[in-house]
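K.L.:
For reference, the file structure_25.cif (mmCIF, C-alpha atoms) is included below:
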data_model
#
loop_
_atom_site.label_atom_id
_atom_site.label_comp_id
_atom_site.auth_asym_id
_atom_site.auth_seq_id
_atom_site.Cartn_x
_atom_site.Cartn_y
_atom_site.Cartn_z
CA MET A 316 11.07 18.66 23.77
CA ALA A 317 12.88 15.64 25.10
CA ILE A 318 15.14 13.16 23.42
CA ALA A 319 15.60 10.81 26.31
CA GLY A 320 15.29 7.12 27.06
CA ASN A 321 16.99 3.89 27.92
CA LEU A 322 19.94 2.48 25.97
CA GLU A 323 18.69 -1.10 26.19
CA VAL A 324 15.72 -0.33 23.98
CA PHE A 325 17.00 2.66 22.03
CA ASN A 326 20.63 2.17 21.10
CA PHE A 327 23.38 4.58 20.05
CA ILE A 328 22.62 4.07 16.35
CA ASP A 329 19.01 5.15 16.90
CA ILE A 330 20.11 8.19 18.90
CA PHE A 331 22.80 9.21 16.41
CA GLN A 332 20.31 8.81 13.54
CA ILE A 333 18.07 11.47 15.08
CA LEU A 334 20.88 13.88 15.92
CA ARG A 335 22.43 13.46 12.45
CA LYS A 336 19.15 13.98 10.59
CA ASP A 337 18.55 17.49 11.89
CA LYS A 338 22.23 18.32 12.30
CA LYS A 339 21.66 19.05 15.94
CA ASP A 340 24.02 20.95 18.25
CA GLY A 341 23.94 20.07 21.94
CA ILE A 342 25.02 17.66 24.64
CA LEU A 343 24.07 14.01 24.90
CA VAL A 344 24.36 12.74 28.47
CA VAL A 345 24.85 9.00 28.91
CA GLU A 346 24.88 7.62 32.41
CA ASN A 347 24.77 4.33 34.24
CA GLU A 348 25.74 3.22 37.74
CA ASN A 349 29.43 3.37 36.97
CA ARG A 350 30.06 6.13 34.44
CA LYS A 351 28.70 9.43 33.22
CA PHE A 352 29.56 10.83 29.81
CA ALA A 353 28.81 14.13 28.12
CA VAL A 354 28.94 13.82 24.34
CA TYR A 355 29.26 17.17 22.61
CA PHE A 356 27.50 17.34 19.24
CA LYS A 357 28.05 19.92 16.55
CA GLU A 358 25.81 19.77 13.48
CA GLY A 359 24.90 16.17 14.24
CA ASN A 360 28.51 14.98 14.59
CA ILE A 361 30.44 14.10 17.74
CA LEU A 362 33.02 16.72 18.60
CA TYR A 363 34.14 15.62 22.01
CA ILE A 364 33.42 13.10 24.79
CA ARG A 365 33.88 14.10 28.41
CA GLU A 366 33.61 11.83 31.42
CA VAL A 367 32.32 13.51 34.57
CA ALA A 368 31.78 12.53 38.18
CA LYS A 369 28.40 14.24 38.42
CA VAL A 370 26.03 15.19 35.62
CA PHE A 371 25.45 18.75 36.80
CA TYR A 372 29.14 19.55 36.20
CA ILE A 373 28.36 19.39 32.48
CA TYR A 374 25.99 22.31 32.71
CA LEU A 375 28.46 24.59 34.44
CA ASP A 376 30.22 25.24 31.14
CA VAL A 377 28.37 27.02 28.36
CA ASP A 378 31.48 27.69 26.25
CA PHE A 379 33.31 24.84 24.59
CA ASP A 380 36.64 26.64 25.06
CA GLN A 381 35.93 26.51 28.78
CA VAL A 382 35.35 22.74 28.54
CA LEU A 383 38.68 22.23 26.80
CA GLU A 384 40.45 24.39 29.35
CA LYS A 385 39.01 22.41 32.26
CA GLU A 386 39.85 19.13 30.56
CA GLY A 387 43.38 20.40 29.93
CA ILE A 388 43.46 19.66 26.22
CA SER A 389 44.13 21.79 23.15
CA LYS A 390 42.08 21.95 19.95
CA GLU A 391 44.88 20.03 18.21
CA ASP A 392 44.42 17.16 20.68
CA LEU A 393 40.68 16.82 20.04
CA TYR A 394 40.94 14.02 17.48
CA ARG A 395 43.33 11.94 19.56
CA VAL A 396 41.21 12.29 22.69
CA LEU A 397 37.99 11.55 20.81
CA VAL A 398 39.46 8.38 19.28
CA ALA A 399 40.61 7.27 22.73
CA LYS A 400 37.27 7.92 24.43
CA LEU A 401 34.90 6.74 21.72
CA PRO A 402 35.30 3.00 22.52
CA LEU A 403 34.59 3.71 26.20
CA LEU A 404 31.34 5.44 25.31
CA LEU A 405 30.23 2.89 22.74
CA ALA A 406 30.86 0.05 25.17
CA VAL A 407 28.03 1.36 27.36
CA LYS A 408 25.03 -0.85 26.60
CA LYS A 409 22.86 -0.15 29.63
CA GLY A 410 21.85 3.12 31.16
CA LYS A 411 19.96 6.32 30.50
CA PHE A 412 20.49 8.95 27.84
CA SER A 413 19.16 12.45 27.37
CA PHE A 414 19.98 15.12 24.82
CA THR A 415 19.96 18.82 25.62
CA PRO A 416 19.79 20.82 22.39
CA GLY A 417 21.87 23.98 22.04
CA PHE A 418 23.27 25.04 25.42
CA ILE A 419 26.94 24.90 24.46
CA ARG A 420 28.65 27.63 22.37
CA TYR A 421 31.24 26.33 19.94
CA PRO A 422 34.08 28.43 18.53
CA ALA A 423 33.80 28.86 14.76
CA ASP A 424 37.16 27.23 14.05
CA ILE A 425 36.26 23.82 15.56
CA GLU A 426 34.78 21.23 13.25
CA PRO A 427 33.95 17.54 13.91
CA ILE A 428 36.59 15.22 12.48
CA ILE A 429 34.93 11.79 12.55
CA PRO A 430 31.75 11.60 10.44
CA ILE A 431 28.82 10.25 12.46
CA GLU A 432 27.97 8.03 9.46
CA LYS A 433 31.23 6.13 10.01
CA ILE A 434 30.41 5.56 13.68
CA ILE A 435 26.85 4.43 12.85
CA MET A 436 28.10 1.84 10.35
CA TYR A 437 30.74 0.63 12.82
CA LEU A 438 28.00 0.09 15.43
CA SER A 439 25.60 -1.53 12.97
CA ARG A 440 28.14 -4.31 12.35
CA GLN A 441 27.68 -5.40 15.98
CA LEU A 442 23.88 -5.48 16.13
CA SER A 443 22.16 -8.62 17.39
CA GLN A 444 19.38 -10.42 15.52
CA ASP A 445 16.81 -8.98 17.91
CA GLU A 446 18.10 -5.47 17.35
CA VAL A 447 18.10 -5.61 13.54
CA GLU A 448 14.51 -6.82 13.57
CA ARG A 449 13.47 -3.49 15.03
CA LYS A 450 13.98 -1.87 11.65
CA ILE A 451 14.20 -4.83 9.25
CA SER A 452 11.19 -6.77 10.45
CA ASP A 453 10.14 -8.21 7.10
CA LEU A 454 12.10 -9.86 4.26
CA ASN A 455 9.64 -8.37 1.77
CA LEU A 456 10.68 -4.79 2.53
CA VAL A 457 12.00 -2.79 -0.42
CA PHE A 458 14.51 0.03 -0.10
CA GLU A 459 15.77 2.75 -2.40
CA LYS A 460 18.88 4.91 -2.39
CA ASN A 461 18.46 8.50 -1.28
CA LYS A 462 19.58 11.52 -3.31
CA ASP A 463 22.85 12.05 -1.41
CA TRP A 464 23.71 8.39 -1.05
CA ARG A 465 27.15 8.61 -2.68
CA ILE A 466 28.36 11.35 -0.33
CA LEU A 467 26.94 9.59 2.72
CA ALA A 468 28.36 6.21 1.69
CA GLU A 469 31.79 7.78 1.35
CA LYS A 470 31.53 9.31 4.83
CA ALA A 471 30.38 5.94 6.20
CA HIS A 472 33.54 4.08 5.04
CA LEU A 473 31.66 0.99 3.92
CA THR A 474 33.24 -2.45 3.81
CA ASP A 475 33.41 -4.32 0.49
CA THR A 476 30.43 -6.47 1.53
CA GLU A 477 28.38 -3.39 2.40
CA LYS A 478 29.30 -1.80 -0.94
CA LYS A 479 28.15 -4.97 -2.69
CA ILE A 480 24.85 -4.93 -0.79
CA LEU A 481 24.35 -1.26 -1.64
CA ASP A 482 24.78 -2.07 -5.35
CA TYR A 483 21.75 -4.36 -5.17
CA ILE A 484 19.45 -1.75 -3.61
CA ASP A 485 17.43 -0.41 -6.51
CA GLY A 486 13.88 0.25 -5.29
CA ASN A 487 12.68 -3.06 -6.71
CA ARG A 488 14.52 -5.90 -5.00
CA THR A 489 13.19 -7.13 -1.68
CA VAL A 490 15.49 -7.91 1.25
CA LYS A 491 15.06 -11.60 0.44
CA GLN A 492 16.06 -11.10 -3.20
CA ILE A 493 19.15 -9.10 -2.23
CA MET A 494 20.15 -11.84 0.21
CA GLU A 495 19.88 -14.49 -2.51
CA GLU A 496 21.53 -12.50 -5.29
CA ALA A 497 24.34 -10.96 -3.24
CA LYS A 498 24.88 -14.30 -1.47
CA VAL A 499 25.28 -12.73 1.95
CA LYS A 500 24.11 -14.00 5.32
CA GLN A 501 20.79 -12.63 6.53
CA LEU A 502 22.24 -11.02 9.66
CA THR A 503 25.05 -9.37 7.68
CA LEU A 504 22.54 -7.97 5.21
CA GLU A 505 20.15 -6.77 7.90
CA ARG A 506 22.96 -5.10 9.83
CA ALA A 507 24.03 -3.26 6.69
CA LEU A 508 20.46 -2.18 5.91
CA TYR A 509 19.98 -0.98 9.47
CA GLY A 510 23.13 1.12 9.17
CA PHE A 511 22.20 2.43 5.71
CA LEU A 512 18.81 3.54 7.04
CA ALA A 513 20.32 5.26 10.06
CA THR A 514 22.96 7.06 7.99
CA GLY A 515 20.36 8.23 5.47
CA ILE A 516 21.98 6.31 2.58
CA ILE A 517 18.70 4.51 1.87
CA SER A 518 15.05 4.77 2.84
CA ARG A 519 12.00 2.57 2.55
CA LYS A 520 10.54 2.71 -0.92
CA LYS A 521 7.66 5.13 -1.07
CA LYS A 522 4.28 3.67 -1.91
CA VAL A 523 3.14 5.30 -5.14
CA LYS A 524 -0.32 3.79 -4.95
CA ARG A 525 -2.33 3.36 -1.81
CA LYS A 526 -5.52 1.39 -1.63
CA VAL A 527 -8.59 2.79 0.05
CA GLY A 528 -10.49 -0.34 1.09
CA PHE A 529 -13.98 1.06 0.56
CA ASN A 530 -15.82 2.36 -2.47
CA LEU A 531 -15.65 5.95 -1.28
CA THR A 532 -17.10 8.82 -3.30
CA LYS A 533 -16.01 12.43 -2.90
CA ASN A 534 -19.50 13.28 -1.71
CA LEU A 535 -19.40 10.67 1.04
CA LEU A 536 -15.91 11.75 2.05
CA ARG A 537 -17.18 15.34 2.34
CA LYS A 538 -19.97 14.11 4.62
CA ILE A 539 -17.51 12.24 6.82
CA VAL A 540 -15.29 15.32 7.08
CA GLU A 541 -18.26 17.52 8.05
CA ARG A 542 -19.42 14.97 10.61
CA ILE A 543 -16.00 14.77 12.25
CA LYS A 544 -15.66 18.56 12.28
CA GLY A 545 -19.04 18.78 14.02
CA LEU A 546 -18.21 16.34 16.81
CA MET B 431 -40.53 -1.38 4.89
CA GLY B 432 -37.71 -2.99 6.87
CA ASP B 433 -34.90 -1.02 8.52
CA LYS B 434 -32.24 0.08 6.08
CA VAL B 435 -28.88 -1.67 6.60
CA GLN B 436 -26.18 0.90 7.18
CA LYS B 437 -22.94 0.56 5.23
CA GLN B 438 -19.95 0.23 7.51
CA ILE B 439 -16.85 2.31 6.91
CA LYS B 440 -13.75 1.31 8.83
CA ILE B 441 -10.77 3.25 10.15
CA VAL B 442 -8.20 1.22 12.08
CA VAL B 443 -6.36 2.66 15.08
CA ALA B 444 -3.16 0.70 15.69
CA GLY B 445 -0.10 1.18 17.84
CA PRO B 446 2.08 -0.39 20.50
CA TYR B 447 0.85 -1.38 23.93
CA ALA B 448 -0.41 1.57 26.02
CA ALA B 449 -0.13 4.09 23.17
CA GLY B 450 -3.65 5.36 23.93
CA LYS B 451 -5.74 3.64 21.24
CA THR B 452 -8.77 2.94 23.43
CA GLN B 453 -8.73 6.51 24.76
CA PHE B 454 -8.42 7.90 21.20
CA ILE B 455 -11.57 6.03 20.14
CA ASN B 456 -13.45 6.84 23.35
CA THR B 457 -12.86 10.56 22.90
CA VAL B 458 -14.82 10.79 19.64
CA SER B 459 -17.13 7.76 19.68
CA GLU B 460 -20.83 8.47 20.00
CA ILE B 461 -21.33 5.20 21.88
CA GLN B 462 -19.47 3.88 24.88
CA THR B 463 -16.53 2.07 23.29
CA VAL B 464 -17.17 -1.65 23.05
CA LYS B 465 -14.20 -3.16 24.81
CA THR B 466 -12.75 -6.63 24.71
CA GLU B 467 -10.35 -6.36 27.57
CA ALA B 468 -8.57 -8.83 29.80
CA ARG B 469 -6.38 -8.39 32.82
CA THR B 470 -2.75 -7.87 31.92
CA THR B 471 -0.72 -10.84 33.00
CA LYS B 472 2.93 -9.94 32.44
CA ALA B 473 4.57 -8.17 35.35
CA ASP B 474 5.96 -5.27 33.28
CA GLU B 475 2.60 -4.72 31.58
CA LYS B 476 0.82 -4.65 34.94
CA GLU B 477 2.97 -1.69 35.88
CA VAL B 478 1.55 0.28 32.93
CA LYS B 479 -2.15 -0.60 33.14
CA SER B 480 -4.36 -3.26 34.68
CA HIS B 481 -6.42 -4.19 31.60
CA THR B 482 -5.54 -4.44 27.93
CA THR B 483 -7.38 -4.92 24.63
CA VAL B 484 -7.15 -8.53 23.45
CA ALA B 485 -9.41 -8.62 20.38
CA MET B 486 -10.39 -5.10 19.43
CA ASP B 487 -12.09 -1.96 20.65
CA PHE B 488 -14.59 -0.23 18.53
CA GLY B 489 -16.31 3.08 18.54
CA LYS B 490 -18.97 4.42 16.22
CA ILE B 491 -19.71 7.69 14.44
CA THR B 492 -22.94 7.84 12.42
CA ILE B 493 -22.38 9.69 9.15
CA ASP B 494 -25.92 9.66 7.69
CA ASP B 495 -28.88 7.29 7.39
CA GLU B 496 -26.89 4.99 5.15
CA HIS B 497 -23.36 5.10 6.53
CA VAL B 498 -21.65 4.56 9.84
CA LEU B 499 -17.96 5.02 10.52
CA TYR B 500 -16.36 2.50 12.88
CA LEU B 501 -13.07 3.12 14.60
CA PHE B 502 -11.42 -0.21 15.34
CA GLY B 503 -8.61 -0.33 17.86
CA THR B 504 -6.15 -3.18 17.46
CA PRO B 505 -4.63 -4.99 20.41
CA GLY B 506 -1.23 -3.47 21.12
CA GLN B 507 0.67 -6.56 22.16
CA SER B 508 2.29 -8.40 19.25
CA ARG B 509 1.06 -11.76 20.54
CA PHE B 510 -2.39 -10.67 19.33
CA ASP B 511 -1.14 -9.58 15.91
CA PHE B 512 -3.43 -12.05 14.10
CA MET B 513 -6.13 -9.45 14.81
CA TRP B 514 -4.23 -6.84 12.77
CA ASP B 515 -4.76 -8.99 9.69
CA ILE B 516 -8.49 -9.30 10.31
CA LEU B 517 -8.95 -5.60 11.00
CA GLY B 518 -6.77 -4.41 8.11
CA LYS B 519 -9.00 -5.91 5.42
CA GLY B 520 -11.19 -3.26 3.81
CA MET B 521 -10.05 -0.36 5.94
CA LEU B 522 -10.42 3.18 4.67
CA GLY B 523 -7.28 4.31 6.40
CA LEU B 524 -5.00 3.74 9.35
CA VAL B 525 -4.02 5.80 12.38
CA VAL B 526 -0.83 4.61 14.07
CA LEU B 527 -0.44 5.92 17.61
CA VAL B 528 2.79 6.10 19.55
CA ASP B 529 3.40 7.03 23.17
CA SER B 530 5.66 10.08 22.76
CA THR B 531 7.08 9.60 26.24
CA ASP B 532 8.19 6.00 25.71
CA PRO B 533 10.88 5.53 23.02
CA SER B 534 11.08 1.85 23.90
CA THR B 535 7.84 1.41 21.91
CA PHE B 536 8.95 3.28 18.76
CA HIS B 537 10.46 0.15 17.19
CA GLU B 538 7.22 -1.74 17.81
CA ALA B 539 5.34 1.08 16.07
CA ARG B 540 7.67 0.72 13.08
CA LYS B 541 6.95 -3.02 12.96
CA ILE B 542 3.22 -2.30 12.97
CA ILE B 543 3.63 0.16 10.09
CA ASN B 544 5.71 -2.44 8.19
CA PHE B 545 2.95 -5.00 8.72
CA PHE B 546 0.13 -2.84 7.39
CA GLU B 547 2.25 -1.34 4.58
CA SER B 548 3.11 -4.78 3.23
CA ARG B 549 -0.44 -6.16 3.41
CA TYR B 550 -2.95 -3.31 3.38
CA PRO B 551 -1.21 -0.19 2.05
CA ALA B 552 -4.04 2.21 2.87
CA PRO B 553 -3.39 5.91 3.57
CA PHE B 554 -2.09 6.36 7.09
CA VAL B 555 -1.03 9.03 9.59
CA VAL B 556 0.96 8.82 12.81
CA GLY B 557 -0.38 10.37 16.03
CA CYS B 558 2.27 11.17 18.64
CA ASN B 559 0.18 10.80 21.77
CA LYS B 560 0.78 12.14 25.30
CA GLN B 561 2.30 15.37 24.01
CA ASP B 562 0.98 17.05 27.16
CA LEU B 563 3.24 14.95 29.37
CA GLU B 564 6.75 15.72 30.54
CA GLY B 565 9.39 13.92 28.54
CA ALA B 566 7.34 13.76 25.35
CA TRP B 567 9.47 13.51 22.20
CA ASP B 568 8.97 16.03 19.42
CA PRO B 569 6.92 14.58 16.52
CA GLU B 570 9.75 15.38 14.09
CA ASP B 571 12.21 13.33 16.16
CA ILE B 572 9.66 10.51 16.28
CA ARG B 573 9.42 10.72 12.49
CA THR B 574 13.17 10.07 12.24
CA ALA B 575 13.05 7.31 14.86
CA LEU B 576 10.32 5.57 12.84
CA ASP B 577 12.20 6.07 9.52
CA LEU B 578 9.23 7.89 8.04
CA ASP B 579 9.43 9.99 4.89
CA GLU B 580 8.68 13.69 4.91
CA ASP B 581 5.40 13.08 3.13
CA VAL B 582 3.96 10.98 5.96
CA LYS B 583 1.90 13.13 8.33
CA VAL B 584 3.30 12.81 11.87
CA LEU B 585 1.02 14.75 14.20
CA PRO B 586 1.08 15.88 17.82
CA LEU B 587 -1.76 14.32 19.79
CA VAL B 588 -3.39 14.34 23.19
CA ALA B 589 -5.93 11.49 22.98
CA LEU B 590 -7.93 12.90 25.90
CA ASP B 591 -8.61 16.08 23.91
CA LYS B 592 -11.43 15.88 21.35
CA GLU B 593 -10.05 18.63 19.09
CA SER B 594 -6.68 16.90 18.99
CA VAL B 595 -8.25 13.55 18.01
CA LYS B 596 -10.43 15.29 15.41
CA ASN B 597 -7.31 16.90 13.92
CA VAL B 598 -5.69 13.47 13.46
CA LEU B 599 -8.83 12.02 11.88
CA LEU B 600 -9.31 15.01 9.57
CA THR B 601 -5.68 14.82 8.46
CA LEU B 602 -6.16 11.14 7.67
CA LEU B 603 -9.24 12.02 5.61
CA GLU B 604 -7.17 14.61 3.70
CA GLU B 605 -4.70 11.84 2.90
CA ILE B 606 -7.51 9.52 1.83
CA ALA B 607 -8.89 12.25 -0.46
CA LYS B 608 -5.66 12.04 -2.51
CA TYR B 609 -6.50 8.48 -3.52
CA ILE B 610 -10.15 8.75 -4.61
#
Would you write out, as structure tokens, the structure that this file holds?

P.N.:
Amino acid sequence: MAIAGNLEVFNFIDIFQILRKDKKDGILVVENENRKFAVYFKEGNILYIREVAKVFYIYLDVDFDQVLEKEGISKEDLYRVLVAKLPLLLAVKKGKFSFTPGFIRYPADIEPIIPIEKIIMYLSRQLSQDEVERKISDLNLVFEKNKDWRILAEKAHLTDTEKKILDYIDGNRTVKQIMEEAKVKQLTLERALYGFLATGIISRKKKVKRKVGFNLTKNLLRKIVERIKGL
Amino acid sequence: MGDKVQKQIKIVVAGPYAAGKTQFINTVSEIQTVKTEARTTKADEKEVKSHTTVAMDFGKITIDDEHVLYLFGTPGQSRFDFMWDILGKGMLGLVVLVDSTDPSTFHEARKIINFFESRYPAPFVVGCNKQDLEGAWDPEDIRTALDLDEDVKVLPLVALDKESVKNVLLTLLEEIAKYI
């Protein structure tokens, strides 16, 4: 199944959120008129970024050792090269992306060095008002911290303001209440919430009670089920 | 004796523009779906389809002599979102459809879920339509893109296929059963 689309409507944070969630291995291809990048993912984290002249070159190498050899870098250089190339990738705002799961074989002794949570939070600090409204569309939304929030927050390297915002998230306060109590600007708050959601630090508060807007009996429900089955 | 007035039960089918709401209703409705369409006017919308729902679509499934189930399709474009409010009142449950091949609409789907969750928190399921088409996203990836919890049912769907639509409706009814 595809994970593909256009960067203008589905940004890097949204893509990284999906790859992080299922700890996916594979190659994310990002391309526009000027540049083509292959982003190598291991367990949902970025391991390496490679710039290529043509996309099909990426699929000539099924072993990561082979990639490093062609690129002329050693395993010890991975961090330095990744840090140098990351800004080039993240500067791409227009173009297509597609993720190919699996495909590349990684040696066991190579592990990602930069947590994807840190990159997601870095990107969330640059979101526009229009972008944050995609996830934070209502000031009455309520969020709660997830089970692993402490570990994820540590990986995300939060700023002091973000830490303060996180303190106010308790499953009861609305976005509006947090904004008033924490005395932060709306856009700053919404950027942080967007990042927290994408990193898995928080989620929307689950509805404990749902309201069925009709006086429905079990007998009537059974009839509806039988009717639909018989269609 | 006058004719007995049938009680109306309502399920709302919502989703972004061109997610397949009208088709979903058409596939299982026992009457020709009553459409309230207008020509699309925006250039980018014209590229997707020539007509769009501006008030609502509805289809009908008779349950027994006393009850009839209506499937109401909301207009997909947010400029008609006042209709969501009208349709949400008194609904039994909600089906949110997304076009699995068009991630540009996933954020709009999330906004629609936010809207109904904050005003009419009825049981709901998500139908990932167009799963038969090339480039369709996996329902589990769509779940993450929509920030949905594990307990929300996110289902594969082909709105042209009656069994597929029935599966979505039956899953919604299973969810509704938890709250009665």

K.L.:
Set the cut-off to 9 Å and count all atoms listed in the file: what are the residues of chain A that reach chain B? Output as a PDB file with C-alpha atoms, in the coordinates of the input.

P.N.:
ATOM      1  CA  MET A 316      11.070  18.660  23.770  1.00  0.00           C
ATOM      2  CA  ALA A 317      12.880  15.640  25.100  1.00  0.00           C
ATOM      3  CA  ILE A 318      15.140  13.160  23.420  1.00  0.00           C
ATOM      4  CA  ALA A 319      15.600  10.810  26.310  1.00  0.00           C
ATOM      5  CA  GLY A 320      15.290   7.120  27.060  1.00  0.00           C
ATOM      6  CA  ASN A 321      16.990   3.890  27.920  1.00  0.00           C
ATOM      7  CA  GLU A 323      18.690  -1.100  26.190  1.00  0.00           C
ATOM      8  CA  VAL A 324      15.720  -0.330  23.980  1.00  0.00           C
ATOM      9  CA  PHE A 325      17.000   2.660  22.030  1.00  0.00           C
ATOM     10  CA  ASP A 329      19.010   5.150  16.900  1.00  0.00           C
ATOM     11  CA  ILE A 330      20.110   8.190  18.900  1.00  0.00           C
ATOM     12  CA  GLN A 332      20.310   8.810  13.540  1.00  0.00           C
ATOM     13  CA  ILE A 333      18.070  11.470  15.080  1.00  0.00           C
ATOM     14  CA  LEU A 334      20.880  13.880  15.920  1.00  0.00           C
ATOM     15  CA  LYS A 336      19.150  13.980  10.590  1.00  0.00           C
ATOM     16  CA  ASP A 337      18.550  17.490  11.890  1.00  0.00           C
ATOM     17  CA  GLU A 448      14.510  -6.820  13.570  1.00  0.00           C
ATOM     18  CA  ARG A 449      13.470  -3.490  15.030  1.00  0.00           C
ATOM     19  CA  LYS A 450      13.980  -1.870  11.650  1.00  0.00           C
ATOM     20  CA  ILE A 451      14.200  -4.830   9.250  1.00  0.00           C
ATOM     21  CA  SER A 452      11.190  -6.770  10.450  1.00  0.00           C
ATOM     22  CA  ASP A 453      10.140  -8.210   7.100  1.00  0.00           C
ATOM     23  CA  ASN A 455       9.640  -8.370   1.770  1.00  0.00           C
ATOM     24  CA  LEU A 456      10.680  -4.790   2.530  1.00  0.00           C
ATOM     25  CA  LEU A 512      18.810   3.540   7.040  1.00  0.00           C
ATOM     26  CA  ALA A 513      20.320   5.260  10.060  1.00  0.00           C
ATOM     27  CA  SER A 518      15.050   4.770   2.840  1.00  0.00           C
ATOM     28  CA  ARG A 519      12.000   2.570   2.550  1.00  0.00           C
ATOM     29  CA  LYS A 521       7.660   5.130  -1.070  1.00  0.00           C
ATOM     30  CA  LYS A 522       4.280   3.670  -1.910  1.00  0.00           C
ATOM     31  CA  LYS A 524      -0.320   3.790  -4.950  1.00  0.00           C
ATOM     32  CA  ARG A 525      -2.330   3.360  -1.810  1.00  0.00           C
ATOM     33  CA  LYS A 526      -5.520   1.390  -1.630  1.00  0.00           C
ATOM     34  CA  VAL A 527      -8.590   2.790   0.050  1.00  0.00           C
ATOM     35  CA  GLY A 528     -10.490  -0.340   1.090  1.00  0.00           C
ATOM     36  CA  PHE A 529     -13.980   1.060   0.560  1.00  0.00           C
ATOM     37  CA  ASN A 530     -15.820   2.360  -2.470  1.00  0.00           C
ATOM     38  CA  LEU A 531     -15.650   5.950  -1.280  1.00  0.00           C
ATOM     39  CA  THR A 532     -17.100   8.820  -3.300  1.00  0.00           C
ATOM     40  CA  LYS A 533     -16.010  12.430  -2.900  1.00  0.00           C
ATOM     41  CA  LEU A 535     -19.400  10.670   1.040  1.00  0.00           C
ATOM     42  CA  LEU A 536     -15.910  11.750   2.050  1.00  0.00           C
ATOM     43  CA  LYS A 538     -19.970  14.110   4.620  1.00  0.00           C
ATOM     44  CA  ILE A 539     -17.510  12.240   6.820  1.00  0.00           C
ATOM     45  CA  VAL A 540     -15.290  15.320   7.080  1.00  0.00           C
ATOM     46  CA  GLU A 541     -18.260  17.520   8.050  1.00  0.00           C
ATOM     47  CA  ARG A 542     -19.420  14.970  10.610  1.00  0.00           C
ATOM     48  CA  ILE A 543     -16.000  14.770  12.250  1.00  0.00           C
ATOM     49  CA  LYS A 544     -15.660  18.560  12.280  1.00  0.00           C
ATOM     50  CA  LEU A 546     -18.210  16.340  16.810  1.00  0.00           C
TER      51      LEU A 546
END

K.L.:
Record the distance separating CA of Gly510 (chain A) and CA of Pro446 (chain B), expressed in Å with one decimal.

P.N.:
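Value for the CA of Gly510 (chain A)-CA of Pro446 (chain B) distance: 24.0 Å.
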
K.L.:
Residues within 10 Å of Lys433 (chain A), please, as a list in words. Count only C-alpha atoms; anything in the same chain fewer than 6 positions from it doesn't count.

P.N.:
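Listed by chain and then number, they are Ser439, Leu467, Ala468, Glu469, Lys470, Ala471, His472, Leu473, Gly510 and Thr514 of chain A.
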
K.L.:
Quick one: residues within 10 Å of Asp378 (chain A), only C-alpha atoms counted, chain neighbours fewer than 4 positions away excluded, as a count of residues only?

P.N.:
7

K.L.:
Extract, using only C-alpha atoms, all DNA, RNA and protein residues at most 12 Å from Tyr483 (chain A), discarding same-chain residues fewer than 4 positions from it, and format them as a tab-separated table (two decimals) with C-alpha atoms, keeping the file's coordinate frame.

P.N.:
chain	number	residue	atom	x	y	z
A	457	VAL	CA	12.00	-2.79	-0.42
A	458	PHE	CA	14.51	0.03	-0.10
A	459	GLU	CA	15.77	2.75	-2.40
A	460	LYS	CA	18.88	4.91	-2.39
A	476	THR	CA	30.43	-6.47	1.53
A	477	GLU	CA	28.38	-3.39	2.40
A	478	LYS	CA	29.30	-1.80	-0.94
A	479	LYS	CA	28.15	-4.97	-2.69
A	487	ASN	CA	12.68	-3.06	-6.71
A	488	ARG	CA	14.52	-5.90	-5.00
A	489	THR	CA	13.19	-7.13	-1.68
A	490	VAL	CA	15.49	-7.91	1.25
A	491	LYS	CA	15.06	-11.60	0.44
A	492	GLN	CA	16.06	-11.10	-3.20
A	493	ILE	CA	19.15	-9.10	-2.23
A	494	MET	CA	20.15	-11.84	0.21
A	495	GLU	CA	19.88	-14.49	-2.51
A	496	GLU	CA	21.53	-12.50	-5.29
A	497	ALA	CA	24.34	-10.96	-3.24
A	498	LYS	CA	24.88	-14.30	-1.47
A	499	VAL	CA	25.28	-12.73	1.95
A	504	LEU	CA	22.54	-7.97	5.21
A	508	LEU	CA	20.46	-2.18	5.91
A	517	ILE	CA	18.70	4.51	1.87

K.L.:
So that all listed atoms of region 486-490 of chain B fit with 4 Å spare on each side, what axis-aligned box centre and edge lengths in Å, to one decimal, would you give as JSON?

P.N.:
{"center_x": -14.7, "center_y": -0.3, "center_z": 18.4, "size_x": 16.6, "size_y": 17.5, "size_z": 12.4}

K.L.:
Identify, on the basis of all atoms listed in the file, every residue whose closest approach to Asp340 (chain A) does not exceed 6 Å; exclude the query and any residue fewer than 3 positions from it along the same chain; express the result as JSON, numbers by chain.

P.N.:
{"A": [356, 357, 358, 416, 417]}

K.L.:
Tell me, in Å to one decimal, how far CA of Tyr447 (chain B) is from CA of Phe327 (chain A).

P.N.:
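Interatomic distance here is 23.6 Å.
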
K.L.:
Can you tell me, as a list of chain:residue names, what residues are no more than 12 Å from Lys369 (chain A) when counting all atoms listed in the file, ignoring any on the same chain fewer than 5 positions away?

P.N.:
A:Val344, A:Val345, A:Glu346, A:Asn347, A:Glu348, A:Asn349, A:Arg350, A:Lys351, A:Phe352, A:Ala353, A:Tyr374, A:Leu375

K.L.:
Could you take the residues named above and write them with C-alpha atoms, as a tab-separated table (two decimals), in the frame of the given file?

P.N.:
chain	number	residue	atom	x	y	z
A	344	VAL	CA	24.36	12.74	28.47
A	345	VAL	CA	24.85	9.00	28.91
A	346	GLU	CA	24.88	7.62	32.41
A	347	ASN	CA	24.77	4.33	34.24
A	348	GLU	CA	25.74	3.22	37.74
A	349	ASN	CA	29.43	3.37	36.97
A	350	ARG	CA	30.06	6.13	34.44
A	351	LYS	CA	28.70	9.43	33.22
A	352	PHE	CA	29.56	10.83	29.81
A	353	ALA	CA	28.81	14.13	28.12
A	374	TYR	CA	25.99	22.31	32.71
A	375	LEU	CA	28.46	24.59	34.44
